[in-house]
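K.L.:
Here it is, the structure, as structure tokens.
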Amino acid sequence: MSGILRANGVCKYFGGLKAVENVDMEIARGDIFGIIGPNGAGKTTFFNICTGIYGPTKGSVYLEEEEITGLSPDKVAAKGMARTFQNIQLFKYLTVRDNVKIGFHLHTKTRLLDAILHTKAYQQDEKMIQEASEAILERVGLIQYRDSMAGMLPYGIQRKVEIARALAIEPKLLLLDEPAAGMNPQETMELAEFIKSLNAEGHTIALIEHDMKFVMNTCNRILVLNFGKKICEGTPEVVKADQGVHEAYFGKGIIAGEAVK
Amino acid sequence: MKDKLYGVLAPVKKYGLFVAIGILALLPMVVSKTYILGLLCRVLMYATLAGSLNVINGYSGQMCIGHAGFFCIGSYVEAILATRMGISFWVLLPLAGAAAALMGLFVALPTLKMRGVYLAIITLGFSEIIRLLALNWTDVTGGAMGIKNIPVPRLGGIEFSNARTYYYIFLAIAVLFLFITRRVIRSRLGRAWMSIREDQLAARSLGVNTPAYKAVNFMYGAFWAGIIGAAYAPYARFIDSTIYTLDEGFNILSMVIVGGMGTLTGPLAGSVVINVLTELLRPIGQWRMVAYGVLIIVMMWFRPQGLIGASDSVLAGRDIKMKKSGEGAK
């Protein structure tokens, strides 16, 4: 099996609300995996379960066949899963460079005494972080913003900074929660290219998105959720043709049916 | 106007530290009045104390307002062990710091999931508990009688028995504190603290074990408060619980706010301003509390980032958004 992330019968109930109901998913290495669905379908909740922000009510999550169900977000990150957030959650008052540097937290080991005495471990860590963060910023085309305050940058750039920060983890799997939200068509197109180029470099990516054109053009596999349940999974072609997906987005009935065609 | 002020302060921030240390080291030789020397001692003492609080409030964004409690623990550990067991001041200094840090851990553990006002109230309660313990545990702390005749520190042939000599102990601690804290802040640890201040969820999802780092942050701040407490006891020669009130905690906090949260030299500036102001306003007696109140309100209003606060600090608010918005386009 070349699966990276596998979810088995994941459920999440908030009281009587079944936010996620019995969802199975398997993301293969090298995928750009899309999760779509109408508002409130449970996409972000499902993401949050995968990254440890919520524990599932039932079911389990495996990263490279290792169970990560219910681990805390920092432990999940340490296992090699990085994510971005629907509402950009940058360290707004730190520079872009410092944002990325914090992303290297897991790859450094400096302790209190190392920092105080400037030991070899500290110096190696700082040198590595300095160079590696420059390299990442260069790679994603943000090098000219490195000393800018992250919170002061335009929206589209902030999204990229968040991705750059997540890349610093050197993740096995990168989860992007609505990366194109609030972007104009031009920015969305650039983002699609950017995500494809990351994928070409060997990053496995899963993303939640509302922009259908974006998802259909970018992803090679798509999972559709509606009211917390999986209603379809497959290639963009399969999803496009699926009656259930049409119904989820446009409703049932002759008029809606015709509108789709 | 604000930009101008910042321009003036910029070089001060760069070289000020070294120049300041040089001047500060020479001061006792120039200043003859004991009164002024006593003020200088207090300024340096509070600089470290406010600095240690700033590590908690300014860098990791936790809200501790009961810092007087840690200060109190340091003082009593030193005073009790020095008077009863005759242990050397130099041994007790780190020991008192460790005791305060341990207590910091106890306070931090149940409060790790709390933030803002909830944590603030718990630290407030903790500070009062420590003070009441000092007041009522008569067998150990001397109760309302306090502890007197605390032995003065000696080093070689020097006896640190007055403000002129003791000044150097406070100076050494302040310099050591600034030096070490600067290094810590500019390391992985300091960045983790700042990431917690900025966005806890994002910090966690980048692998920062936020509860552990918050606990370490609290312990670090408490450690230095304990050390300063231990340094204060033999300086005053007499301590009792009335020194470590909540007012004292607020006093320390006001220095951090006035000087600038999340900056290294801010608390130092805050300590100078508040202590000098205390002396200048002595004629108006208790009314000076009103003056502090007004000062803090005015500061929060016009310069929320404090005197030394960088224009890019968290607290500068809308001011920087306007100033920096054009910068990204460059």
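Naming works like this for the structure tokens: A, B, ... for the chains as they're shown, residue 1 at the start of each chain, ligands 1 onward in shown order.
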So that I can check the surroundings of Ala108 of chain B, please list as an MDAnalysis selection string every protein, DNA and RNA residue that reaches within 9 Å of it, counting only C-alpha atoms and ignoring chain neighbours fewer than 2 positions away.
P.N.:
chainID B and resid 103:106 110:112 119 123 211 214:216 218:219
K.L.:
Could you dump the residues just selected with C-alpha atoms as a JSON list (two decimals), in the first residue's frame?
P.N.:
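Saved as selection03.json:
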```
[["chain", "number", "residue", "atom", "x", "y", "z"],
["B", 103, "MET", "CA", 6.17, 27.49, 42.55],
["B", 104, "GLY", "CA", 5.79, 28.97, 39.07],
["B", 105, "LEU", "CA", 5.36, 25.44, 37.77],
["B", 106, "PHE", "CA", 2.69, 24.71, 40.38],
["B", 110, "PRO", "CA", -3.52, 23.87, 36.31],
["B", 111, "THR", "CA", -3.68, 27.07, 34.31],
["B", 112, "LEU", "CA", -2.06, 25.90, 31.09],
["B", 119, "LEU", "CA", -5.02, 33.09, 34.23],
["B", 123, "THR", "CA", -2.05, 34.50, 39.55],
["B", 211, "PRO", "CA", 1.60, 23.66, 27.41],
["B", 214, "LYS", "CA", 4.06, 28.00, 28.57],
["B", 215, "ALA", "CA", 5.12, 26.22, 31.74],
["B", 216, "VAL", "CA", 8.81, 26.81, 31.00],
["B", 218, "PHE", "CA", 6.27, 30.86, 33.58],
["B", 219, "MET", "CA", 9.11, 29.16, 35.41]]
```
K.L.:
Using only C-alpha atoms, find the residues of chain A whose closest atom to chain B is at most 9 Å away, then write them as a PyMOL selection string.
P.N.:
chain A and resi 51-53+72-78+81-85+89-94+98-99+101-106+108-118+122+125-126+144-145+148-149+151-154+165-166+168-169
K.L.:
In Å, how far is it from atom CA of Val77 of chain B to atom CA of Met63 of chain B?
P.N.:
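That distance, rounded to one decimal, is 25.1 Å.
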K.L.:
Could you give me, as a list of chain:residue names, each residue of segment 61-268 of chain B that DSSP assigns to strand (DSSP E or B) when run on this structure's backbone?
P.N.:
B:Ile147, B:Arg154, B:Leu155, B:Ile158, B:Glu159, B:Ile239
K.L.:
Write to file, as a short mmCIF file (atom, residue, chain, number, x, y, z; two decimals), in the first residue's frame, the residues of the selection just made, with C-alpha atoms.
P.N.:
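Result file is selection_12.cif:
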```cif
data_model
loop_
_atom_site.label_atom_id
_atom_site.label_comp_id
_atom_site.auth_asym_id
_atom_site.auth_seq_id
_atom_site.Cartn_x
_atom_site.Cartn_y
_atom_site.Cartn_z
CA ILE B 147 12.33 38.58 59.71
CA ARG B 154 30.12 39.19 51.65
CA LEU B 155 32.48 38.51 48.81
CA ILE B 158 33.83 43.32 50.62
CA GLU B 159 30.73 43.66 52.72
CA ILE B 239 11.26 41.84 55.42
#
```
K.L.:
Would you mind listing what lies within 10 Å of segment 135-142 of chain B as a list in words, with only C-alpha atoms counted and same-chain residues fewer than 5 positions away left out?
P.N.:
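In the requested form, the answer reads Tyr76, Val77, Ala79, Ile80, Arg84, Ile129, Ile130, Ile147, Lys148, Ile239, Asp240, Ser241 and Thr242 of chain B.
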K.L.:
Enumerate as JSON, numbers by chain all residues of segment 107-324 of chain B assigned to helix (DSSP H, G or I) by DSSP on the backbone, naming them with the chain letters and numbers the document uses.
P.N.:
{"B": [107, 108, 109, 110, 111, 116, 117, 118, 119, 120, 121, 122, 123, 124, 125, 126, 127, 128, 129, 130, 131, 132, 133, 134, 135, 136, 138, 139, 140, 141, 143, 144, 145, 163, 164, 165, 166, 167, 168, 169, 170, 171, 172, 173, 174, 175, 176, 177, 178, 179, 180, 181, 182, 183, 184, 185, 188, 189, 190, 191, 192, 193, 194, 195, 196, 197, 198, 200, 201, 202, 203, 204, 205, 210, 211, 212, 213, 214, 215, 216, 217, 218, 219, 220, 221, 222, 223, 224, 225, 226, 227, 228, 229, 230, 231, 232, 233, 234, 235, 236, 241, 242, 243, 246, 247, 248, 249, 250, 251, 252, 253, 254, 255, 256, 257, 258, 259, 266, 267, 268, 269, 270, 271, 272, 273, 274, 275, 276, 277, 278, 279, 280, 282, 283, 284, 287, 288, 289, 290, 291, 292, 293, 294, 295, 296, 297, 298, 299, 300, 301, 302, 314, 315, 316, 318, 319, 320, 321, 322, 323, 324]}
K.L.:
Tell me which protein, DNA and RNA residues are within 12 Å of Val23 of chain A, counting only C-alpha atoms, leaving out same-chain ones fewer than 2 positions away, and put them as number ranges by chain.
P.N.:
A: 6-12, 18-21, 25-26, 35, 41-43, 45-47, 49-50, 56-61, 223-233
K.L.:
Just the selected residues (N, CA and C atoms), exported as a compact mmCIF listing (two decimals), in the first residue's frame, please.
P.N.:
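Now in part.txt:
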```
# COMPACT_ATOMS: atom_id res chain seq x y z
N ARG A 6 -4.99 7.51 6.04
CA ARG A 6 -6.16 6.67 5.91
C ARG A 6 -7.09 6.97 7.07
N ALA A 7 -8.35 7.21 6.75
CA ALA A 7 -9.36 7.42 7.80
C ALA A 7 -10.35 6.28 7.73
N ASN A 8 -10.64 5.67 8.87
CA ASN A 8 -11.56 4.53 8.92
C ASN A 8 -12.80 4.89 9.73
N GLY A 9 -13.92 5.00 9.07
CA GLY A 9 -15.19 5.20 9.76
C GLY A 9 -15.18 6.34 10.76
N VAL A 10 -14.62 7.49 10.35
CA VAL A 10 -14.50 8.60 11.29
C VAL A 10 -15.85 9.28 11.51
N CYS A 11 -16.21 9.44 12.79
CA CYS A 11 -17.43 10.15 13.17
C CYS A 11 -17.07 11.26 14.14
N LYS A 12 -17.78 12.36 14.04
CA LYS A 12 -17.64 13.41 15.05
C LYS A 12 -19.02 14.00 15.33
N LYS A 18 -24.51 15.52 13.94
CA LYS A 18 -23.51 14.61 13.38
C LYS A 18 -22.71 15.37 12.33
N ALA A 19 -21.63 16.00 12.77
CA ALA A 19 -20.84 16.85 11.88
C ALA A 19 -20.11 16.01 10.85
N VAL A 20 -19.58 14.87 11.29
CA VAL A 20 -18.94 13.94 10.38
C VAL A 20 -19.47 12.56 10.71
N GLU A 21 -19.95 11.83 9.71
CA GLU A 21 -20.60 10.56 9.97
C GLU A 21 -19.97 9.46 9.12
N MET A 25 -11.54 7.39 4.10
CA MET A 25 -10.79 8.13 3.09
C MET A 25 -9.41 7.51 2.99
N GLU A 26 -8.85 7.53 1.80
CA GLU A 26 -7.47 7.10 1.67
C GLU A 26 -6.76 8.02 0.68
N ILE A 35 -11.16 17.78 -1.09
CA ILE A 35 -12.37 17.49 -0.33
C ILE A 35 -13.34 18.63 -0.60
N ALA A 41 -20.79 20.96 5.41
CA ALA A 41 -20.77 19.54 5.11
C ALA A 41 -19.84 18.77 6.03
N GLY A 42 -19.02 19.47 6.82
CA GLY A 42 -18.13 18.80 7.76
C GLY A 42 -16.70 18.67 7.26
N LYS A 43 -16.37 19.42 6.23
CA LYS A 43 -15.02 19.30 5.65
C LYS A 43 -13.93 19.73 6.63
N THR A 45 -14.22 20.16 9.84
CA THR A 45 -14.25 19.29 11.02
C THR A 45 -13.45 18.02 10.76
N PHE A 46 -13.64 17.47 9.56
CA PHE A 46 -12.91 16.26 9.20
C PHE A 46 -11.39 16.52 9.17
N PHE A 47 -11.01 17.65 8.62
CA PHE A 47 -9.60 18.08 8.62
C PHE A 47 -9.08 18.18 10.05
N ILE A 49 -10.08 16.69 12.65
CA ILE A 49 -9.90 15.38 13.26
C ILE A 49 -8.58 14.77 12.79
N CYS A 50 -8.32 14.90 11.49
CA CYS A 50 -7.08 14.34 10.94
C CYS A 50 -5.85 14.98 11.59
N PRO A 56 -11.90 12.14 17.29
CA PRO A 56 -13.14 11.67 16.69
C PRO A 56 -14.03 11.00 17.73
N THR A 57 -15.35 11.05 17.52
CA THR A 57 -16.26 10.33 18.39
C THR A 57 -16.09 8.83 18.17
N LYS A 58 -15.94 8.46 16.92
CA LYS A 58 -15.69 7.06 16.57
C LYS A 58 -14.71 7.05 15.40
N GLY A 59 -14.11 5.88 15.15
CA GLY A 59 -13.26 5.75 14.00
C GLY A 59 -11.81 6.05 14.31
N SER A 60 -10.97 5.87 13.30
CA SER A 60 -9.54 6.05 13.54
C SER A 60 -8.85 6.63 12.31
N VAL A 61 -7.70 7.25 12.56
CA VAL A 61 -6.93 7.89 11.49
C VAL A 61 -5.51 7.32 11.53
N LEU A 223 -13.02 13.84 -2.81
CA LEU A 223 -13.98 13.25 -1.88
C LEU A 223 -15.08 14.29 -1.68
N VAL A 224 -16.34 13.86 -1.81
CA VAL A 224 -17.45 14.80 -1.64
C VAL A 224 -18.19 14.49 -0.35
N LEU A 225 -18.33 15.47 0.50
CA LEU A 225 -19.09 15.31 1.73
C LEU A 225 -20.37 16.12 1.64
N ASN A 226 -21.41 15.58 2.28
CA ASN A 226 -22.64 16.36 2.43
C ASN A 226 -23.29 15.95 3.74
N PHE A 227 -23.64 16.92 4.56
CA PHE A 227 -24.18 16.65 5.89
C PHE A 227 -23.34 15.63 6.64
N GLY A 228 -22.03 15.75 6.51
CA GLY A 228 -21.13 14.90 7.27
C GLY A 228 -20.89 13.52 6.68
N LYS A 229 -21.65 13.19 5.61
CA LYS A 229 -21.48 11.85 5.04
C LYS A 229 -20.75 11.92 3.71
N LYS A 230 -20.01 10.84 3.43
CA LYS A 230 -19.35 10.77 2.14
C LYS A 230 -20.38 10.41 1.10
N ILE A 231 -20.51 11.21 0.04
CA ILE A 231 -21.49 10.85 -0.98
C ILE A 231 -20.81 10.41 -2.27
N CYS A 232 -19.54 10.69 -2.40
CA CYS A 232 -18.88 10.28 -3.62
C CYS A 232 -17.37 10.39 -3.44
N GLU A 233 -16.64 9.51 -4.10
CA GLU A 233 -15.19 9.65 -4.10
C GLU A 233 -14.66 9.16 -5.42
```
K.L.:
To one decimal in Å, tell me the separation between atom CA of Asn48 of chain A and atom CA of Gly30 of chain A.
P.N.:
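Going from atom CA of Asn48 of chain A over to atom CA of Gly30 of chain A, I get 21.6 Å.
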K.L.:
Skip Val152 of chain B itself and residues of its chain fewer than 3 positions away, then list as number ranges by chain all residues within 7 Å of it, counting only C-alpha atoms.
P.N.:
B: 159-161, 234
K.L.:
Go through A:Leu71, A:Glu209, A:Phe214, A:Gly251 one by one, measure the shortest atom-to-atom distance of each to Gly37 of chain A using only C-alpha atoms, and give the residue with the smallest value.
P.N.:
A:Glu209
K.L.:
What's the 12 Å shell around Asn87 of chain A, counting only C-alpha atoms, without same-chain residues fewer than 4 positions away, as a ChimeraX atom specification?
P.N.:
/A:44,155,158-159,162,176-182 /B:199,201-202
K.L.:
Can you tell me which residues surround Glu78 of chain B at a distance of at most 9 Å, considering only C-alpha atoms, apart from same-chain residues fewer than 3 positions away, and format the answer as a list in words?
P.N.:
Ile73, Gly74, Ser75, Leu81, Ala82, Thr83, Ile87, Phe89, Leu92, Leu93, Leu95, Ala96, Ile150, Gly229, Ala230, Ala231, Ala233 and Pro234 of chain B
K.L.:
Please produce a file of those selected residues containing N, CA and C atoms, as a tab-separated table (two decimals), in the first residue's frame.
P.N.:
```
chain	number	residue	atom	x	y	z
B	73	ILE	N	8.40	34.85	47.50
B	73	ILE	CA	9.00	33.53	47.77
B	73	ILE	C	10.52	33.64	47.79
B	74	GLY	N	11.07	34.33	46.82
B	74	GLY	CA	12.52	34.50	46.76
B	74	GLY	C	13.05	35.15	48.02
B	75	SER	N	12.38	36.21	48.45
B	75	SER	CA	12.83	36.94	49.64
B	75	SER	C	12.80	36.06	50.88
B	81	LEU	N	16.55	30.94	55.30
B	81	LEU	CA	17.72	30.06	55.28
B	81	LEU	C	18.98	30.79	55.73
B	82	ALA	N	19.05	32.10	55.46
B	82	ALA	CA	20.24	32.85	55.85
B	82	ALA	C	20.25	33.09	57.37
B	83	THR	N	19.10	33.43	57.93
B	83	THR	CA	19.07	33.72	59.36
B	83	THR	C	19.12	32.45	60.21
B	87	ILE	N	23.29	29.96	55.68
B	87	ILE	CA	23.77	29.62	54.34
B	87	ILE	C	24.18	30.89	53.61
B	89	PHE	N	24.77	33.85	51.01
B	89	PHE	CA	23.90	34.58	50.08
B	89	PHE	C	24.06	34.08	48.65
B	92	LEU	N	22.25	30.97	48.13
B	92	LEU	CA	20.81	31.14	48.25
B	92	LEU	C	20.20	31.84	47.04
B	93	LEU	N	21.00	32.65	46.38
B	93	LEU	CA	20.48	33.40	45.23
B	93	LEU	C	19.86	32.46	44.18
B	95	LEU	N	19.19	29.33	44.59
B	95	LEU	CA	18.26	28.44	45.29
B	95	LEU	C	16.87	29.10	45.40
B	96	ALA	N	16.88	30.37	45.75
B	96	ALA	CA	15.61	31.11	45.86
B	96	ALA	C	14.95	31.20	44.49
B	150	ILE	N	18.75	40.24	58.72
B	150	ILE	CA	19.18	39.34	57.65
B	150	ILE	C	20.64	39.66	57.34
B	229	GLY	N	14.05	38.70	44.49
B	229	GLY	CA	13.53	38.66	45.86
B	229	GLY	C	14.62	38.33	46.85
B	230	ALA	N	15.45	37.34	46.48
B	230	ALA	CA	16.55	36.94	47.35
B	230	ALA	C	17.58	38.05	47.48
B	231	ALA	N	17.77	38.81	46.42
B	231	ALA	CA	18.74	39.90	46.48
B	231	ALA	C	18.20	41.06	47.31
B	233	ALA	N	16.13	40.89	50.03
B	233	ALA	CA	16.03	40.66	51.48
B	233	ALA	C	17.23	41.17	52.27
B	234	PRO	N	18.47	40.81	51.90
B	234	PRO	CA	19.62	41.31	52.68
B	234	PRO	C	19.88	42.81	52.44
```
